[in-house]
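What follows is the content of data12.tsv (TSV, C-alpha atoms).
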chain	number	residue	atom	x	y	z
A	235	MET	CA	0.00	0.00	0.00
A	236	THR	CA	1.31	3.41	-0.94
A	237	VAL	CA	1.02	6.12	1.67
A	238	PRO	CA	0.28	9.43	-0.05
A	239	SER	CA	3.05	11.91	0.52
A	240	LEU	CA	2.04	15.10	2.26
A	241	SER	CA	5.32	16.72	1.26
A	242	ARG	CA	4.96	20.07	-0.46
A	243	GLY	CA	7.78	19.01	-2.76
A	244	LEU	CA	10.03	21.14	-4.86
A	245	PHE	CA	7.28	23.48	-6.03
A	246	GLY	CA	5.69	24.42	-2.72
A	247	SER	CA	2.52	22.37	-2.89
A	248	ARG	CA	1.50	18.91	-3.98
A	249	THR	CA	-1.09	20.25	-6.43
A	250	ARG	CA	1.42	22.65	-7.96
A	251	GLU	CA	3.91	19.85	-8.49
A	252	ARG	CA	1.34	17.46	-9.94
A	253	ALA	CA	-0.10	20.14	-12.23
A	254	LEU	CA	3.35	21.05	-13.52
A	255	LYS	CA	4.32	17.42	-14.04
A	256	LEU	CA	1.10	16.80	-15.95
A	257	LEU	CA	1.71	19.83	-18.17
A	258	GLY	CA	5.25	18.53	-18.68
A	259	LEU	CA	3.71	15.38	-20.12
A	260	LEU	CA	0.73	16.82	-21.97
A	261	GLU	CA	2.36	20.12	-23.05
A	262	GLN	CA	-1.07	21.81	-23.08
A	263	SER	CA	-4.21	21.34	-21.06
A	264	TYR	CA	-7.17	23.12	-19.52
A	265	PRO	CA	-8.33	23.28	-15.91
A	266	ARG	CA	-11.26	20.86	-16.19
A	267	GLU	CA	-9.16	18.22	-17.94
A	268	MET	CA	-6.35	18.62	-15.43
A	269	ALA	CA	-8.71	18.45	-12.48
A	270	ALA	CA	-10.19	15.21	-13.84
A	271	VAL	CA	-6.80	13.63	-14.52
A	272	LEU	CA	-5.36	14.68	-11.18
A	273	ASP	CA	-8.59	13.87	-9.33
A	274	GLU	CA	-8.47	17.30	-7.72
A	275	ASP	CA	-11.13	19.88	-7.10
A	276	LEU	CA	-11.54	22.16	-10.15
A	277	SER	CA	-11.32	25.35	-8.11
A	278	VAL	CA	-8.07	24.19	-6.51
A	279	VAL	CA	-6.57	23.43	-9.91
A	280	GLN	CA	-7.77	26.76	-11.33
A	281	ARG	CA	-6.26	28.68	-8.43
A	282	THR	CA	-2.99	26.76	-8.77
A	283	LEU	CA	-2.80	27.46	-12.50
A	284	ASP	CA	-3.62	31.14	-11.94
A	285	ASP	CA	-0.85	31.42	-9.36
A	286	LEU	CA	1.65	29.75	-11.68
A	287	GLU	CA	0.64	32.09	-14.48
A	288	ARG	CA	1.01	35.12	-12.22
A	289	ASP	CA	4.51	33.90	-11.36
A	290	GLY	CA	5.33	33.78	-15.08
A	291	ILE	CA	5.85	30.01	-15.11
A	292	LEU	CA	2.73	29.19	-17.13
A	293	ALA	CA	1.05	31.01	-19.97
A	294	SER	CA	-2.55	30.71	-21.08
A	295	ARG	CA	-4.64	31.66	-24.06
A	296	LEU	CA	-8.29	31.38	-24.93
A	297	LEU	CA	-9.31	28.85	-27.54
A	298	GLY	CA	-13.00	29.48	-27.99
A	299	ARG	CA	-14.25	29.42	-24.41
A	300	THR	CA	-11.51	27.14	-23.18
A	301	ARG	CA	-8.45	28.51	-21.42
A	302	LEU	CA	-5.45	26.47	-22.49
A	303	PHE	CA	-2.40	26.43	-20.24
A	304	GLU	CA	1.15	25.49	-21.05
A	305	LEU	CA	4.63	26.23	-19.75
A	306	ASN	CA	5.54	29.82	-20.52
A	307	ARG	CA	8.02	29.61	-23.37
A	308	THR	CA	9.41	33.03	-22.54
A	309	TYR	CA	10.00	32.15	-18.87
A	310	GLN	CA	13.67	32.57	-18.05
A	311	HIS	CA	14.08	28.94	-16.99
A	312	TYR	CA	11.68	27.42	-19.51
A	313	ALA	CA	14.11	24.97	-21.10
A	314	PRO	CA	15.57	23.45	-17.90
A	315	LEU	CA	12.13	23.43	-16.25
A	316	ARG	CA	10.61	21.59	-19.19
A	317	GLU	CA	13.37	19.02	-19.05
A	318	LEU	CA	13.03	18.63	-15.28
A	319	LEU	CA	9.27	18.22	-15.45
A	320	ALA	CA	9.53	15.67	-18.23
A	321	ARG	CA	11.88	13.62	-16.06
A	322	MET	CA	9.74	14.06	-12.96
A	323	GLY	CA	6.60	13.16	-14.90
A	324	GLN	CA	8.13	10.03	-16.40
A	325	SER	CA	9.23	8.84	-12.97
A	326	ASP	CA	5.73	9.27	-11.54
A	327	PRO	CA	3.76	6.22	-12.76
A	328	ALA	CA	0.43	7.52	-11.43
A	329	THR	CA	0.68	10.75	-13.44
A	330	VAL	CA	1.91	8.92	-16.54
A	331	GLU	CA	-0.94	6.41	-16.28
A	332	ALA	CA	-3.52	9.16	-15.82
A	333	ALA	CA	-2.13	11.08	-18.78
A	334	GLN	CA	-2.17	7.95	-20.93
A	335	ARG	CA	-5.90	7.59	-20.40
A	336	LEU	CA	-6.45	10.82	-22.30
A	337	ARG	CA	-6.93	10.74	-26.02
A	338	ARG	CA	-5.01	13.67	-27.52
A	339	ARG	CA	-4.64	12.65	-31.15
A	340	PRO	CA	-7.03	14.08	-33.74
A	341	ARG	CA	-10.44	12.55	-34.35
A	342	ARG	CA	-12.45	13.31	-37.47
A	343	ALA	CA	-15.80	14.93	-36.69
A	344	GLY	CA	-18.62	12.37	-36.66
A	345	LYS	CA	-16.33	9.36	-36.41
A	346	GLU	CA	-17.61	6.56	-34.16
A	347	LEU	CA	-15.84	6.29	-30.81
B	111	MET	CA	2.75	64.06	-6.61
B	112	ASN	CA	-0.35	64.97	-8.58
B	113	ALA	CA	-3.08	62.45	-9.15
B	114	LEU	CA	-3.57	61.28	-12.73
B	115	ASP	CA	-6.74	61.86	-14.71
B	116	GLY	CA	-8.45	60.31	-17.71
B	117	ASN	CA	-6.31	62.22	-20.18
B	118	ALA	CA	-3.10	60.59	-18.98
B	119	THR	CA	-1.09	58.86	-21.69
B	120	LEU	CA	0.87	55.66	-21.18
B	121	THR	CA	4.02	57.76	-20.90
B	122	ASP	CA	2.41	60.03	-18.28
B	123	VAL	CA	1.44	57.01	-16.21
B	124	ALA	CA	4.84	55.37	-16.64
B	125	PHE	CA	6.70	58.43	-15.39
B	126	ALA	CA	4.29	58.99	-12.49
B	127	VAL	CA	4.36	55.37	-11.28
B	128	CYS	CA	8.11	54.96	-11.60
B	129	THR	CA	8.76	58.24	-9.81
B	130	ALA	CA	6.36	57.42	-6.98
B	131	LEU	CA	8.06	54.07	-6.45
B	132	GLU	CA	11.51	55.64	-6.66
B	133	GLN	CA	10.50	58.07	-3.94
B	134	ALA	CA	9.35	55.11	-1.87
B	135	GLY	CA	12.77	53.52	-2.28
B	136	GLU	CA	11.80	50.95	-4.90
B	137	ARG	CA	13.42	50.62	-8.31
B	138	ALA	CA	10.90	49.63	-11.00
B	139	VAL	CA	11.73	49.08	-14.68
B	140	LEU	CA	9.11	49.36	-17.42
B	141	CYS	CA	9.24	46.29	-19.66
B	142	GLY	CA	7.14	44.19	-22.02
B	143	GLY	CA	4.79	45.70	-24.58
B	144	SER	CA	4.43	48.88	-22.57
B	145	ALA	CA	8.16	49.60	-22.99
B	146	ALA	CA	7.72	49.17	-26.74
B	147	THR	CA	4.79	51.59	-26.67
B	148	PHE	CA	6.92	54.07	-24.75
B	149	TYR	CA	9.42	54.18	-27.62
B	150	VAL	CA	6.91	53.85	-30.46
B	151	PRO	CA	3.46	54.90	-29.23
B	152	GLU	CA	1.79	54.06	-32.54
B	153	ALA	CA	3.37	50.59	-32.77
B	154	ASP	CA	1.16	48.79	-30.29
B	155	GLU	CA	-2.05	49.35	-28.38
B	156	VAL	CA	-1.36	48.23	-24.87
B	157	ARG	CA	-3.62	48.94	-21.93
B	158	ASP	CA	-1.36	47.74	-19.16
B	159	LEU	CA	2.03	48.83	-17.92
B	160	ASP	CA	4.37	46.10	-16.73
B	161	PHE	CA	7.00	47.06	-14.20
B	162	VAL	CA	9.49	44.66	-12.71
B	163	LEU	CA	10.68	45.67	-9.27
B	164	THR	CA	14.39	45.07	-9.42
B	165	PHE	CA	15.05	44.37	-5.78
B	166	GLY	CA	11.65	43.04	-4.75
B	167	ALA	CA	9.22	45.11	-2.75
B	168	ARG	CA	6.53	44.72	-0.17
B	169	THR	CA	3.03	44.95	-1.57
B	170	SER	CA	2.15	47.43	1.16
B	171	THR	CA	4.96	49.74	0.01
B	172	VAL	CA	3.68	49.65	-3.57
B	173	ASP	CA	0.10	50.22	-2.37
B	174	GLU	CA	1.13	53.29	-0.40
B	175	ALA	CA	3.29	54.67	-3.20
B	176	LEU	CA	0.57	54.38	-5.86
B	177	ARG	CA	-2.42	55.46	-3.78
B	178	PRO	CA	-1.70	59.22	-4.05
B	179	LEU	CA	-1.72	58.80	-7.86
B	180	GLY	CA	-5.19	57.27	-7.66
B	181	PHE	CA	-4.11	53.68	-8.35
B	182	LEU	CA	-5.57	51.06	-6.04
B	183	ARG	CA	-4.78	47.34	-5.95
B	184	ALA	CA	-7.55	45.18	-7.38
B	185	PRO	CA	-8.30	41.66	-6.05
B	186	GLU	CA	-6.50	40.09	-9.04
B	187	GLY	CA	-3.29	41.86	-8.01
B	188	LEU	CA	-3.07	44.58	-10.64
B	189	TYR	CA	-3.56	48.28	-9.97
B	190	ARG	CA	-6.52	50.19	-11.38
B	191	HIS	CA	-7.35	53.88	-11.52
B	192	PRO	CA	-10.96	55.08	-11.61
B	193	GLU	CA	-10.29	57.39	-14.60
B	194	VAL	CA	-7.03	56.30	-16.24
B	195	ARG	CA	-7.53	53.66	-18.94
B	196	TYR	CA	-4.22	51.94	-18.20
B	197	THR	CA	-3.65	49.35	-15.50
B	198	VAL	CA	-0.32	48.76	-13.78
B	199	GLU	CA	1.08	45.31	-13.09
B	200	PHE	CA	4.19	43.97	-11.44
B	201	PRO	CA	5.17	40.65	-13.04
B	202	ALA	CA	7.52	38.42	-11.10
B	203	GLY	CA	11.17	39.31	-11.57
B	204	PRO	CA	13.97	39.23	-12.30
B	205	LEU	CA	14.14	41.20	-15.52
B	206	ALA	CA	14.99	38.60	-18.13
B	207	ILE	CA	14.81	38.09	-21.86
B	208	GLY	CA	15.04	34.47	-22.85
B	209	SER	CA	17.36	32.79	-20.38
B	210	GLU	CA	19.44	35.91	-19.76
B	211	THR	CA	18.95	38.33	-16.91
B	212	VAL	CA	18.75	42.00	-17.86
B	213	THR	CA	20.90	44.23	-15.68
B	214	ASP	CA	21.18	47.40	-17.76
B	215	TYR	CA	18.26	49.64	-18.56
B	216	ALA	CA	17.66	53.19	-19.72
B	217	THR	CA	16.75	56.04	-17.40
B	218	GLU	CA	14.66	58.83	-18.89
B	219	ARG	CA	13.84	62.11	-17.17
B	220	ARG	CA	10.96	64.53	-17.69
B	221	GLY	CA	10.99	67.55	-15.45
B	222	GLY	CA	11.32	66.19	-11.95
B	223	LEU	CA	10.06	62.76	-12.98
B	224	VAL	CA	12.09	59.66	-13.73
B	225	LEU	CA	11.43	56.51	-15.71
B	226	HIS	CA	13.53	53.36	-15.83
B	227	VAL	CA	12.75	51.39	-18.98
B	228	TYR	CA	14.20	48.62	-21.15
B	229	THR	CA	16.68	49.98	-23.67
B	230	PRO	CA	15.41	50.05	-27.27
B	231	ALA	CA	17.67	47.09	-28.08
B	232	ASP	CA	16.19	45.09	-25.21
B	233	VAL	CA	12.67	45.98	-26.32
B	234	VAL	CA	13.55	44.59	-29.75
B	235	ARG	CA	14.91	41.40	-28.15
B	236	ASP	CA	11.93	41.10	-25.81
B	237	ARG	CA	9.32	41.49	-28.55
B	238	PHE	CA	11.28	39.16	-30.82
B	239	MET	CA	11.30	36.59	-27.99
B	240	HIS	CA	7.49	36.49	-28.17
B	241	TYR	CA	7.64	35.91	-31.92
B	242	TRP	CA	10.33	33.28	-31.42
B	243	ALA	CA	8.50	31.42	-28.69
B	244	TRP	CA	4.90	31.72	-29.86
B	245	GLY	CA	5.09	32.75	-33.50
B	246	ASP	CA	3.36	36.01	-32.57
B	247	GLN	CA	3.47	38.11	-35.74
B	248	ARG	CA	2.29	41.23	-33.95
B	249	ALA	CA	5.26	41.03	-31.59
B	250	LEU	CA	7.57	40.73	-34.61
B	251	CYS	CA	6.00	43.85	-36.16
B	252	VAL	CA	6.49	45.78	-32.92
B	253	ALA	CA	10.12	44.63	-32.65
B	254	LEU	CA	10.76	45.86	-36.19
B	255	ALA	CA	8.90	49.12	-35.56
B	256	VAL	CA	11.11	49.85	-32.55
B	257	ALA	CA	14.22	48.89	-34.54
B	258	THR	CA	13.10	51.30	-37.28
B	259	ALA	CA	12.31	54.17	-34.92
B	260	ARG	CA	15.44	53.74	-32.80
B	261	ALA	CA	17.86	52.47	-35.45
B	262	ALA	CA	20.73	54.48	-34.01
B	263	ASP	CA	20.39	52.53	-30.74
B	264	ILE	CA	20.27	49.09	-32.32
B	265	ASP	CA	23.24	46.88	-33.15
B	266	VAL	CA	22.15	43.59	-34.65
B	267	THR	CA	25.45	41.80	-33.93
B	268	PRO	CA	24.96	41.40	-30.14
B	269	ILE	CA	21.31	40.51	-30.71
B	270	GLU	CA	22.30	37.77	-33.13
B	271	ALA	CA	24.99	36.57	-30.69
B	272	TRP	CA	22.36	36.38	-27.95
B	273	THR	CA	20.08	34.27	-30.16
B	274	GLU	CA	23.01	31.94	-30.81
B	275	ARG	CA	23.54	31.52	-27.07
B	276	GLU	CA	19.84	30.77	-26.63
B	277	LEU	CA	19.94	28.20	-29.42
B	278	ARG	CA	23.05	26.60	-27.93
B	279	ASP	CA	21.81	26.47	-24.35
B	280	ALA	CA	18.18	25.69	-25.07
B	281	PRO	CA	17.76	24.26	-28.56
B	282	ILE	CA	13.99	24.50	-28.40
B	283	TYR	CA	13.40	27.61	-30.44
B	284	ASP	CA	13.00	27.69	-34.19
B	285	ARG	CA	16.16	28.65	-36.06
B	286	GLY	CA	14.14	29.67	-39.11
B	287	ARG	CA	12.24	32.30	-37.16
B	288	ARG	CA	15.52	33.62	-35.79
B	289	ASP	CA	17.03	33.85	-39.28
B	290	HIS	CA	13.93	35.61	-40.57
B	291	PHE	CA	14.05	38.13	-37.71
B	292	VAL	CA	17.77	38.89	-38.09
B	293	ALA	CA	17.35	39.40	-41.83
B	294	GLN	CA	14.42	41.76	-41.22
B	295	VAL	CA	16.34	43.78	-38.62
B	296	ARG	CA	19.35	44.04	-40.93
B	297	ALA	CA	17.07	45.29	-43.71
B	298	VAL	CA	15.52	47.88	-41.39
B	299	LEU	CA	18.89	49.13	-40.23
B	300	ALA	CA	20.26	49.30	-43.79
B	301	ARG	CA	17.58	51.81	-44.87
Go ahead and express the file in the form of structure tokens.
Amino acid sequence: MTVPSLSRGLFGSRTRERALKLLGLLEQSYPREMAAVLDEDLSVVQRTLDDLERDGILASRLLGRTRLFELNRTYQHYAPLRELLARMGQSDPATVEAAQRLRRRPRRAGKEL
Amino acid sequence: MNALDGNATLTDVAFAVCTALEQAGERAVLCGGSAATFYVPEADEVRDLDFVLTFGARTSTVDEALRPLGFLRAPEGLYRHPEVRYTVEFPAGPLAIGSETVTDYATERRGGLVLHVYTPADVVRDRFMHYWAWGDQRALCVALAVATARAADIDVTPIEAWTERELRDAPIYDRGRRDHFVAQVRAVLAR
């Protein structure tokens, strides 16, 4: 049995770290998707993403009515952070498994599931 | 310090805010799109001024410095004025373009007011960075507009050298966009 870690980790909170690792894997996502994958409350995820954006670590843009988040490519430490998160994400089986349940590749409109 | 009114331009606000913070002992540098607008007002339509506080500052100090100007902190962290159409924000520091920290900036004076602002060359680099990272064509246009307006202040050689360092240290940006930008800047400066 795995005992959930209550450590705040490298990034100051467990949600922050999990959200960043997930974005490291997915490259782009939106709050509702991230909340579902991380099994976290939507408002907690939204607040976390807003804080990270305010700190310049994430960037967001509107796509229709959806707010897409990704690592801020103009953040001073973007390249090393991206590399670090990719490594952290790959060494976290739970996050990898959750991310793998998402379908991200294109699907033609009207095609049967 | 006089309060600002609805006729204040971006430059008026920039000088007033920077001076108020300076008097409060805080060094703030205008950056981002608002610095580009300072040099070339017609190049971009920004509604917010971004200042980076170079040595960090307590929020309460900033609140007290900006209150006499009429700027009050909104719940989302930016500062609004009841009449002025511009907002003021303080993005997290340090001042940086790409992976490099910016340590030199220009200091402009107007009467008894002072404004610390990115140099024209750093505005060009900063706007280019947004084109480089996101493919933002508008940012490229603004970079070239500033290079055109302030050609005497722009030397493409150190800018190109900086892009080479970025490509070497973080090979994640598109070399083609860099080549396109450098060619465009050279063409602008050759006019």
Check every residue of chain B for an atom within 12 Å of chain A, counting only C-alpha atoms, and provide those that qualify as number ranges by chain.
B: 142, 162, 186-188, 199-212, 235-245, 276-283
Can you pull out the residues contacting Glu136 in chain B? Cut-off 7 Å, using only C-alpha atoms, and skip same-chain residues under 3 positions away; I want them as a list in words.
Leu131, Glu132, Leu163 and Ala167 of chain B
Neighbours of Ala262 in chain B within 10 Å (all atoms listed in the file; same-chain residues fewer than 2 positions away dropped), as a ChimeraX atom specification?
/B:230-231,257-260,264-265,299
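One finds CA of Glu304 in chain A at 14.0 Å from CA of Glu317 in chain A.
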Atomic separation - CA of Ala138 in chain B relative to CA of His226 in chain B, Å
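Rounded to one decimal, the two atoms are 6.6 Å apart.
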Report, in Å to a single decimal, how far apart CA of Ser247 in chain A and CA of Leu272 in chain A are.
13.8 Å
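Residues of protein, DNA or RNA having at least one counted atom within 10 Å of (6.2, 21.6, -15.7), given all atoms listed in the file, are Phe245, Arg250, Glu251, Arg252, Ala253, Leu254, Lys255, Leu256, Leu257, Gly258, Leu259, Leu260, Glu261, Ile291, Leu292, Glu304, Leu305, Asn306, Tyr312, Pro314, Leu315, Arg316, Glu317, Leu318, Leu319, Ala320, Arg321, Met322 and Gly323 of chain A.
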Six-sided padding of 4 Å per side, axis-aligned box over range 150-162 of chain B, centre and edges in Å, one decimal, as AutoDock Vina command-line options:
--center_x 2.9 --center_y 49.8 --center_z -22.7 --size_x 21.1 --size_y 18.2 --size_z 28.1
In file coordinates, which residues lie within 10 Å of (13.9, 44.8, -37.3) using only C-alpha atoms, given as a CSV table (one decimal) with C-alpha atoms, in the coordinates of the input?
chain,number,residue,atom,x,y,z
B,234,VAL,CA,13.6,44.6,-29.8
B,235,ARG,CA,14.9,41.4,-28.2
B,238,PHE,CA,11.3,39.2,-30.8
B,250,LEU,CA,7.6,40.7,-34.6
B,251,CYS,CA,6.0,43.8,-36.2
B,252,VAL,CA,6.5,45.8,-32.9
B,253,ALA,CA,10.1,44.6,-32.6
B,254,LEU,CA,10.8,45.9,-36.2
B,255,ALA,CA,8.9,49.1,-35.6
B,256,VAL,CA,11.1,49.8,-32.6
B,257,ALA,CA,14.2,48.9,-34.5
B,258,THR,CA,13.1,51.3,-37.3
B,259,ALA,CA,12.3,54.2,-34.9
B,261,ALA,CA,17.9,52.5,-35.4
B,264,ILE,CA,20.3,49.1,-32.3
B,266,VAL,CA,22.2,43.6,-34.6
B,290,HIS,CA,13.9,35.6,-40.6
B,291,PHE,CA,14.0,38.1,-37.7
B,292,VAL,CA,17.8,38.9,-38.1
B,293,ALA,CA,17.4,39.4,-41.8
B,294,GLN,CA,14.4,41.8,-41.2
B,295,VAL,CA,16.3,43.8,-38.6
B,296,ARG,CA,19.4,44.0,-40.9
B,297,ALA,CA,17.1,45.3,-43.7
B,298,VAL,CA,15.5,47.9,-41.4
B,299,LEU,CA,18.9,49.1,-40.2
Could you tell me which of A:Tyr264, A:Asp275, A:Ala343, A:Ala332 comes closest to Arg299 in chain A if we count all atoms listed in the file?
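Looking at the shortest contact to Arg299 in chain A, the residue is A:Tyr264.
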